[in-house]
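Engineer: Handing over entry.txt, compact mmCIF, C-alpha atoms and all ligand atoms.
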```txt
# COMPACT_ATOMS: atom_id res chain seq x y z
CA MET X 29 126.70 71.93 320.52
CA LYS X 30 125.94 75.45 321.79
CA GLN X 31 126.35 78.04 319.06
CA ARG X 32 125.81 80.94 321.42
CA LYS X 33 128.56 82.81 323.27
CA PRO X 34 127.75 82.43 326.96
CA LEU X 35 127.12 85.52 329.05
CA VAL X 36 127.46 86.02 332.79
CA ALA X 37 125.89 89.21 334.14
CA GLY X 38 126.14 90.46 337.71
CA ASN X 39 123.15 92.32 339.13
CA TRP X 40 124.47 94.24 342.12
CA LYS X 41 120.97 95.41 343.04
CA MET X 42 121.02 98.23 345.64
CA ASN X 43 124.42 97.32 347.06
CA GLY X 44 127.89 98.82 347.06
CA ASP X 45 129.66 102.10 347.71
CA THR X 46 132.67 103.68 346.06
CA VAL X 47 135.21 101.91 348.25
CA PHE X 48 133.54 98.51 348.00
CA ASN X 49 133.06 98.86 344.23
CA ASP X 50 136.64 99.90 343.64
CA HIS X 51 137.92 96.82 345.43
CA LEU X 52 135.45 94.44 343.75
CA LEU X 53 136.13 95.81 340.26
CA GLY X 54 139.89 95.63 340.80
CA GLU X 55 139.62 91.96 341.76
CA LEU X 56 137.29 91.17 338.85
CA ARG X 57 139.55 92.87 336.31
CA ALA X 58 142.62 91.10 337.57
CA GLY X 59 140.84 87.74 337.70
CA ILE X 60 139.34 87.99 334.21
CA GLU X 61 142.64 89.12 332.70
CA ARG X 62 144.52 86.31 334.52
CA GLU X 63 142.12 83.59 333.38
CA SER X 64 141.63 85.01 329.85
CA MET X 65 137.92 84.29 329.35
CA ALA X 66 137.63 85.50 325.77
CA ALA X 67 134.95 82.94 324.93
CA LEU X 68 132.60 84.53 327.44
CA GLY X 69 130.66 87.80 327.69
CA ILE X 70 130.78 89.39 331.15
CA VAL X 71 128.62 92.30 332.30
CA VAL X 72 128.28 94.02 335.67
CA CYS X 73 125.23 96.11 336.53
CA PRO X 74 125.78 98.49 339.47
CA PRO X 75 123.25 100.99 340.84
CA TYR X 76 122.87 104.19 338.75
CA PRO X 77 125.04 106.47 340.92
CA TYR X 78 128.05 104.21 340.37
CA LEU X 79 127.80 103.79 336.59
CA ALA X 80 130.43 106.45 335.95
CA GLN X 81 132.77 104.91 338.53
CA VAL X 82 132.34 101.49 336.94
CA ALA X 83 132.87 102.94 333.44
CA ASN X 84 136.17 104.47 334.56
CA ARG X 85 137.34 101.45 336.49
CA LEU X 86 136.57 99.04 333.61
CA ALA X 87 137.97 101.18 330.79
CA GLY X 88 140.03 98.91 328.53
CA SER X 89 138.71 95.76 330.21
CA PRO X 90 136.71 93.03 328.43
CA ILE X 91 134.12 93.35 331.21
CA GLU X 92 131.11 95.34 329.98
CA TRP X 93 128.68 97.17 332.21
CA GLY X 94 125.00 97.94 332.26
CA ALA X 95 122.17 99.50 334.22
CA GLN X 96 119.51 97.72 336.26
CA ASN X 97 116.59 99.65 334.77
CA VAL X 98 115.70 102.35 332.25
CA CYS X 99 112.76 104.72 331.91
CA GLU X 100 110.34 103.89 329.08
CA ARG X 101 110.00 107.60 328.24
CA PRO X 102 112.59 109.47 326.18
CA ASN X 103 113.06 112.53 328.44
CA GLY X 104 111.17 115.22 330.33
CA ALA X 105 109.25 115.64 333.57
CA PHE X 106 109.76 112.20 335.13
CA THR X 107 111.42 112.97 338.45
CA GLY X 108 113.85 110.30 339.59
CA GLU X 109 113.96 108.47 336.26
CA VAL X 110 116.95 107.80 334.00
CA SER X 111 116.61 107.72 330.22
CA ALA X 112 118.16 105.40 327.64
CA SER X 113 119.93 108.34 326.01
CA MET X 114 121.57 109.23 329.35
CA LEU X 115 122.82 105.67 329.71
CA VAL X 116 124.23 105.72 326.19
CA ASP X 117 125.82 109.10 326.89
CA LEU X 118 127.77 107.49 329.73
CA GLY X 119 128.93 104.62 327.50
CA CYS X 120 126.52 102.04 328.91
CA ARG X 121 126.10 98.88 326.77
CA TRP X 122 123.40 96.88 328.54
CA VAL X 123 120.28 97.27 330.59
CA ILE X 124 118.30 94.78 332.69
CA VAL X 125 114.52 95.09 332.29
CA GLY X 126 111.65 93.31 333.99
CA HIS X 127 113.47 92.01 337.06
CA SER X 128 110.92 90.28 339.29
CA GLU X 129 111.77 92.65 342.15
CA ARG X 130 110.58 95.53 339.94
CA ARG X 131 107.61 93.56 338.60
CA GLN X 132 106.57 92.89 342.20
CA SER X 133 107.46 95.99 344.19
CA MET X 134 107.12 98.61 341.41
CA HIS X 135 104.17 96.77 339.79
CA GLU X 136 105.82 96.73 336.36
CA THR X 137 103.65 94.97 333.79
CA ASP X 138 104.62 93.11 330.61
CA ASP X 139 103.66 96.26 328.68
CA ASP X 140 105.98 98.41 330.82
CA VAL X 141 108.81 95.95 330.38
CA CYS X 142 108.28 95.80 326.59
CA ALA X 143 108.27 99.62 326.41
CA LYS X 144 111.60 99.65 328.25
CA LEU X 145 112.96 97.04 325.85
CA ALA X 146 111.82 99.11 322.86
CA ILE X 147 113.40 102.35 324.01
CA ALA X 148 116.62 100.63 325.07
CA ALA X 149 116.88 98.89 321.68
CA ALA X 150 116.10 102.15 319.89
CA HIS X 151 119.19 103.60 321.57
CA GLY X 152 121.38 100.61 320.74
CA LEU X 153 121.48 99.19 324.27
CA GLY X 154 121.63 95.44 324.72
CA VAL X 155 118.70 94.19 326.78
CA ILE X 156 118.64 91.47 329.44
CA ALA X 157 114.92 90.86 329.93
CA CYS X 158 113.88 88.88 333.02
CA ILE X 159 111.01 86.43 333.22
CA GLY X 160 110.02 83.80 335.76
CA GLU X 161 107.20 82.24 337.71
CA THR X 162 106.44 82.56 341.42
CA LEU X 163 106.33 79.54 343.72
CA ASP X 164 102.56 79.69 343.80
CA GLU X 165 102.41 79.71 339.99
CA ARG X 166 104.77 76.73 339.77
CA GLU X 167 102.95 74.76 342.44
CA SER X 168 99.60 75.35 340.80
CA GLY X 169 100.86 74.12 337.41
CA ARG X 170 100.93 77.55 335.76
CA THR X 171 104.67 77.80 335.00
CA GLU X 172 104.29 77.43 331.23
CA SER X 173 101.31 79.75 330.94
CA VAL X 174 103.15 82.48 332.90
CA LEU X 175 106.41 82.04 331.02
CA GLY X 176 104.55 81.81 327.71
CA ARG X 177 102.77 85.11 328.37
CA GLN X 178 105.98 86.88 329.38
CA VAL X 179 108.07 85.47 326.52
CA ASP X 180 105.45 86.14 323.85
CA ALA X 181 105.22 89.81 324.86
CA LEU X 182 108.98 90.26 324.94
CA ALA X 183 109.51 88.31 321.72
CA ARG X 184 107.03 90.59 319.92
CA ALA X 185 108.88 93.67 321.18
CA ALA X 186 112.27 92.18 320.29
CA HIS X 187 110.98 91.15 316.88
CA ASP X 188 109.88 94.74 316.20
CA ALA X 189 113.28 96.01 317.30
CA GLN X 190 115.02 93.42 315.11
CA ARG X 191 112.95 94.60 312.14
CA GLY X 192 114.07 98.18 312.85
CA GLY X 193 111.06 99.45 314.84
CA ASP X 194 111.96 102.84 316.36
CA CYS X 195 115.64 101.95 316.21
CA ALA X 196 118.32 103.88 314.35
CA ALA X 197 119.65 100.43 313.41
CA PRO X 198 117.89 97.05 313.80
CA MET X 199 118.65 95.26 317.07
CA PRO X 200 121.13 92.43 316.41
CA ALA X 201 120.01 89.01 317.66
CA GLU X 202 122.80 88.80 320.24
CA ARG X 203 121.71 92.06 321.89
CA PHE X 204 118.41 90.56 323.08
CA VAL X 205 119.01 88.25 326.02
CA LEU X 206 116.40 86.58 328.19
CA ALA X 207 117.02 85.68 331.83
CA TYR X 208 114.86 82.91 333.26
CA GLU X 209 114.70 83.68 336.96
CA PRO X 210 112.20 81.60 338.90
CA VAL X 211 111.07 84.02 341.59
CA TRP X 212 111.28 81.31 344.26
CA ALA X 213 114.99 80.86 343.52
CA ILE X 214 116.06 84.51 343.74
CA GLY X 215 118.04 85.29 346.86
CA THR X 216 116.69 82.22 348.61
CA GLY X 217 119.66 79.87 348.28
CA ARG X 218 117.23 77.46 346.59
CA SER X 219 118.35 77.23 342.97
CA ALA X 220 116.35 75.39 340.34
CA SER X 221 117.96 72.05 339.56
CA ALA X 222 119.79 71.89 336.24
CA GLU X 223 116.98 69.69 334.87
CA ILE X 224 114.22 72.11 335.89
CA ALA X 225 116.19 75.02 334.43
CA GLN X 226 116.76 73.14 331.16
CA GLN X 227 113.08 72.25 330.90
CA ALA X 228 112.07 75.90 331.33
CA HIS X 229 114.77 77.15 328.94
CA ALA X 230 113.76 74.66 326.22
CA PHE X 231 110.15 75.77 326.60
CA ILE X 232 111.18 79.45 326.39
CA ARG X 233 113.28 78.81 323.29
CA SER X 234 110.38 77.00 321.64
CA ARG X 235 108.39 80.28 321.82
CA LEU X 236 111.07 82.36 320.10
CA GLY X 237 110.67 81.04 316.55
CA ALA X 238 109.73 84.41 315.02
CA LEU X 239 112.97 86.05 316.15
CA ASP X 240 116.10 86.42 314.05
CA GLY X 241 117.87 83.07 314.06
CA GLY X 242 114.59 81.35 314.97
CA GLY X 243 115.39 81.76 318.66
CA GLN X 244 118.55 79.70 318.29
CA ALA X 245 120.60 82.91 318.43
CA THR X 246 118.92 84.21 321.60
CA ARG X 247 120.87 83.65 324.78
CA ILE X 248 118.77 82.49 327.71
CA LEU X 249 120.49 82.99 331.06
CA TYR X 250 119.49 81.24 334.25
CA GLY X 251 119.22 83.33 337.41
CA GLY X 252 118.34 82.37 340.98
CA SER X 253 120.89 81.42 343.65
CA VAL X 254 123.68 80.59 341.21
CA LYS X 255 126.82 79.88 343.22
CA PRO X 256 130.24 78.41 342.36
CA GLY X 257 128.96 75.00 343.50
CA ASN X 258 126.00 74.75 341.11
CA ALA X 259 127.09 76.95 338.19
CA ARG X 260 128.77 74.24 336.16
CA SER X 261 125.85 71.81 336.19
CA LEU X 262 123.41 74.60 335.24
CA PHE X 263 125.60 76.00 332.45
CA ALA X 264 126.24 72.54 331.01
CA MET X 265 122.57 72.30 330.02
CA PRO X 266 122.07 72.72 326.26
CA ASP X 267 119.68 75.70 326.49
CA VAL X 268 121.34 77.48 329.41
CA ASP X 269 123.65 80.14 327.97
CA GLY X 270 125.09 81.60 331.16
CA GLY X 271 123.69 83.28 334.23
CA LEU X 272 122.28 86.42 335.81
CA ILE X 273 123.90 86.52 339.20
CA GLY X 274 122.72 88.47 342.25
CA GLY X 275 124.32 87.82 345.64
CA ALA X 276 127.36 85.99 344.31
CA ALA X 277 128.15 88.91 341.97
CA LEU X 278 129.22 90.91 345.04
CA ILE X 279 131.94 88.42 345.98
CA ALA X 280 134.82 88.58 343.51
CA GLU X 281 136.00 85.03 344.14
CA ASP X 282 132.50 83.62 343.61
CA PHE X 283 131.69 85.70 340.54
CA LEU X 284 135.03 84.73 338.97
CA ALA X 285 134.39 81.06 339.72
CA ILE X 286 130.95 81.32 338.10
CA CYS X 287 132.51 82.99 335.03
CA GLY X 288 135.09 80.20 334.95
CA ALA X 289 132.31 77.60 334.99
CA ALA X 290 130.57 79.30 332.04
CA ALA X 291 133.82 79.53 330.09
CA ALA X 292 134.58 75.85 330.79
CA CYS X 293 131.14 74.74 329.58
CA SER X 294 131.54 76.84 326.46
CA SER X 295 134.93 75.37 325.57
CA ALA X 296 133.70 71.85 326.40
CA SER X 297 130.78 72.24 324.00
CA THR X 298 133.00 73.75 321.28
CA ALA X 299 135.42 70.83 321.64
CA ARG X 300 132.69 68.21 321.15
C1 LIG X 401 118.87 88.23 340.77
O1 LIG X 401 118.45 89.05 341.56
O2 LIG X 401 118.80 88.48 339.54
C2 LIG X 401 119.43 86.99 341.29
C3 LIG X 401 119.57 86.00 340.46
O3 LIG X 401 119.75 86.96 342.61
P1 LIG X 401 120.50 85.75 343.40
O4 LIG X 401 121.62 85.26 342.52
O5 LIG X 401 121.00 86.37 344.65
O6 LIG X 401 119.48 84.69 343.63
```
Could you write out this structure as structure tokens?

Structural biologist:
Amino acid sequence: MKQRKPLVAGNWKMNGDTVFNDHLLGELRAGIERESMAALGIVVCPPYPYLAQVANRLAGSPIEWGAQNVCERPNGAFTGEVSASMLVDLGCRWVIVGHSERRQSMHETDDDVCAKLAIAAAHGLGVIACIGETLDERESGRTESVLGRQVDALARAAHDAQRGGDCAAPMPAERFVLAYEPVWAIGTGRSASAEIAQQAHAFIRSRLGALDGGGQATRILYGGSVKPGNARSLFAMPDVDGGLIGGAALIAEDFLAICGAAAACSSASTAR
């Protein structure tokens, strides 16, 4: 039985405008309230300029919101960057770090991603940390060595934060979330099968033993071409605790259906 509350997070990437967002958020709010998905955590992550709009539009809603990135420095002369304290000032609850698009196009390293995790945790932000192998790495048999390297680095940083580290208060186990996103599945329409996802998630969990709850408390989301048609089979896997959703997060009907699939898997496992 899954002991972890599933989480579905929408990564809007560099999409949206005020009119589009207003419509999407209105539909999401209405849908979530209609279906009453209390057993599920839901987060949307818009681009920075729209955080305040999303905060206003979701006030009083069970849907939380987060940023897609954070600067690893506290403040100062870093033109174009946004600090953890600014996010907290706006009421932000979550931040995505280490998305493969940033690892690839902005050349973010494991050290950069861990520094972002540390500063986010120090400010009380929940962290959704992304990991995943490229197609080349999978095809050359390096999936576990790549995932192992990424998880070990993040687990060390999360462990420090859970012990207090630079944090005002230790990071609770449920505020550190991993997202397994095979790079070859992101935005390609080619999702990992439920079995491949489960295999990777079980491996990832096996590396989390030093964390609070021995890794059993850490939610591991699957991301990469999750759609209404494949969400249920992915989320039914024992180590898949929800999803990080890209393209389908921009379509209210699809995102709501994916949330519904996560909620259904959670109540099915609770009922067993
Ligand atoms: C993502 O970018 O995190 C993602 C999972 O994208 P998509 O769902 O579009 O594959």

Engineer: Counting all atoms listed in the file, what are the residues, protein, DNA or RNA alike, that approach ligand LIG 401 (chain X) to within 8 Å? I want them as a list in words.

Structural biologist: Gly38, Asn39, Trp40, Lys41, His127, Ser128, Glu129, Glu209, Ala213, Ile214, Gly215, Thr216, Gly217, Ser219, Tyr250, Gly251, Gly252, Ser253, Val254, Lys255, Gly271, Leu272, Ile273, Gly274, Gly275, Ala276 and Ala277 of chain X

Engineer: Which residues are near region 169-175 of chain X? Cut-off 9 Å, all atoms listed in the file, ignore same chain within fewer than 5 positions. Put them as a PyMOL selection string.

Structural biologist: chain X and resi 159-162+164+180+208+228+231-232

Engineer: How many Å separate CA of Ile91 (chain X) from CA of Leu56 (chain X)?

Structural biologist: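 So the answer is 8.6 Å.
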
Engineer: With only C-alpha atoms as the basis for distance, which of X:Cys158, X:Ala201, X:Leu115, X:Ala189 is at the shortest distance from Arg131 (chain X)?

Structural biologist: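 Comparing X:Cys158, X:Ala201, X:Leu115, X:Ala189 against Arg131 (chain X), the winner is X:Cys158.
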
Engineer: Compile the contact shell of Ala148 (chain X) as a ChimeraX atom specification: residues with an atom at most 8 Å away, counting all atoms listed in the file, same-chain residues fewer than 5 positions apart removed.

Structural biologist: /X:98,112,123,153-155

Engineer: Quick one: distance from CA of Ile224 (chain X) to CA of Leu206 (chain X) in Å, one decimal?

Structural biologist: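 Going from CA of Ile224 (chain X) over to CA of Leu206 (chain X) covers 16.5 Å.
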
Engineer: Report the distance between CA of Tyr78 (chain X) and CA of Gly44 (chain X) in Å, rounded to one decimal place.

Structural biologist: 8.6 Å

Engineer: From the set X:Ser294, X:Gln132, X:Gln81, X:Asn97, which residue has the shortest atom-to-atom contact distance to His51 (chain X), counting all atoms listed in the file?

Structural biologist: X:Gln81

Engineer: I'd like to know which of X:Gly270, X:Gly54, X:Gly192, X:Pro200 is closest to Ala291 (chain X), using only C-alpha atoms.

Structural biologist: X:Gly270

Engineer: From the options X:Pro74, X:Leu145, X:Trp212, X:Ala196, which residue's atoms come nearest to Glu167 (chain X), counting all atoms listed in the file?

Structural biologist: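 Counting all atoms listed in the file, the residue closest to Glu167 (chain X) is X:Trp212.
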
Engineer: Name the residues in contact with Glu223 (chain X) at a cut-off of 9 Å, using only C-alpha atoms, excluding same-chain residues fewer than 4 positions from it; report them as a list in words.

Structural biologist: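 Those residues are Gln227, Ala228, Leu262 and Met265 of chain X.
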
Engineer: Would you place a box with edges along x, y and z of the file around all atoms of region 58-63 of chain X listed there, add 3 Å to each of its six sides, and report the centre and edge lengths in Å to one decimal, as lines of an AutoDock Vina configuration file?

Structural biologist:
```
center_x = 141.9
center_y = 87.3
center_z = 335.2
size_x = 11.2
size_y = 13.5
size_z = 11.0
```

Engineer: Which residues are near Glu55 (chain X)? Cut-off 12 Å, all atoms listed in the file, ignore same chain within fewer than 5 positions. Put them as a JSON list (two decimals) with C-alpha atoms, in the coordinates of the input.

Structural biologist:
```json
[["chain", "number", "residue", "atom", "x", "y", "z"],
["X", 48, "PHE", "CA", 133.54, 98.51, 348.00],
["X", 49, "ASN", "CA", 133.06, 98.86, 344.23],
["X", 50, "ASP", "CA", 136.64, 99.90, 343.64],
["X", 60, "ILE", "CA", 139.34, 87.99, 334.21],
["X", 61, "GLU", "CA", 142.64, 89.12, 332.70],
["X", 62, "ARG", "CA", 144.52, 86.31, 334.52],
["X", 85, "ARG", "CA", 137.34, 101.45, 336.49],
["X", 86, "LEU", "CA", 136.57, 99.04, 333.61],
["X", 91, "ILE", "CA", 134.12, 93.35, 331.21],
["X", 277, "ALA", "CA", 128.15, 88.91, 341.97],
["X", 278, "LEU", "CA", 129.22, 90.91, 345.04],
["X", 279, "ILE", "CA", 131.94, 88.42, 345.98],
["X", 280, "ALA", "CA", 134.82, 88.58, 343.51],
["X", 281, "GLU", "CA", 136.00, 85.03, 344.14],
["X", 282, "ASP", "CA", 132.50, 83.62, 343.61],
["X", 283, "PHE", "CA", 131.69, 85.70, 340.54],
["X", 284, "LEU", "CA", 135.03, 84.73, 338.97]]
```

Engineer: Would you pick out the contacts of region 117-119 of chain X at 10 Å or less, using all atoms listed in the file, so that residues sharing its chain but fewer than 3 positions from it are not included, and give the list as JSON, numbers by chain?

Structural biologist: {"X": [79, 80, 83, 92, 93, 94, 111, 112, 113, 114, 122, 153]}

Engineer: If you keep C-alpha atoms, can you produce a file of those selected residues as an mmCIF file, in the frame of the given file?

Structural biologist:
```
data_model
loop_
_atom_site.group_PDB
_atom_site.id
_atom_site.type_symbol
_atom_site.label_atom_id
_atom_site.label_comp_id
_atom_site.auth_asym_id
_atom_site.auth_seq_id
_atom_site.Cartn_x
_atom_site.Cartn_y
_atom_site.Cartn_z
ATOM 1 C CA LEU X 79 127.800 103.790 336.590
ATOM 2 C CA ALA X 80 130.430 106.450 335.950
ATOM 3 C CA ALA X 83 132.870 102.940 333.440
ATOM 4 C CA GLU X 92 131.110 95.340 329.980
ATOM 5 C CA TRP X 93 128.680 97.170 332.210
ATOM 6 C CA GLY X 94 125.000 97.940 332.260
ATOM 7 C CA SER X 111 116.610 107.720 330.220
ATOM 8 C CA ALA X 112 118.160 105.400 327.640
ATOM 9 C CA SER X 113 119.930 108.340 326.010
ATOM 10 C CA MET X 114 121.570 109.230 329.350
ATOM 11 C CA TRP X 122 123.400 96.880 328.540
ATOM 12 C CA LEU X 153 121.480 99.190 324.270
#
```

Engineer: Return the single residue from X:Leu239, X:Ala292, X:Thr107, X:Gly59 that is closest to Ser89 (chain X), with distances computed using all atoms listed in the file.

Structural biologist: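 Of all the options, X:Gly59 lies closest to Ser89 (chain X).
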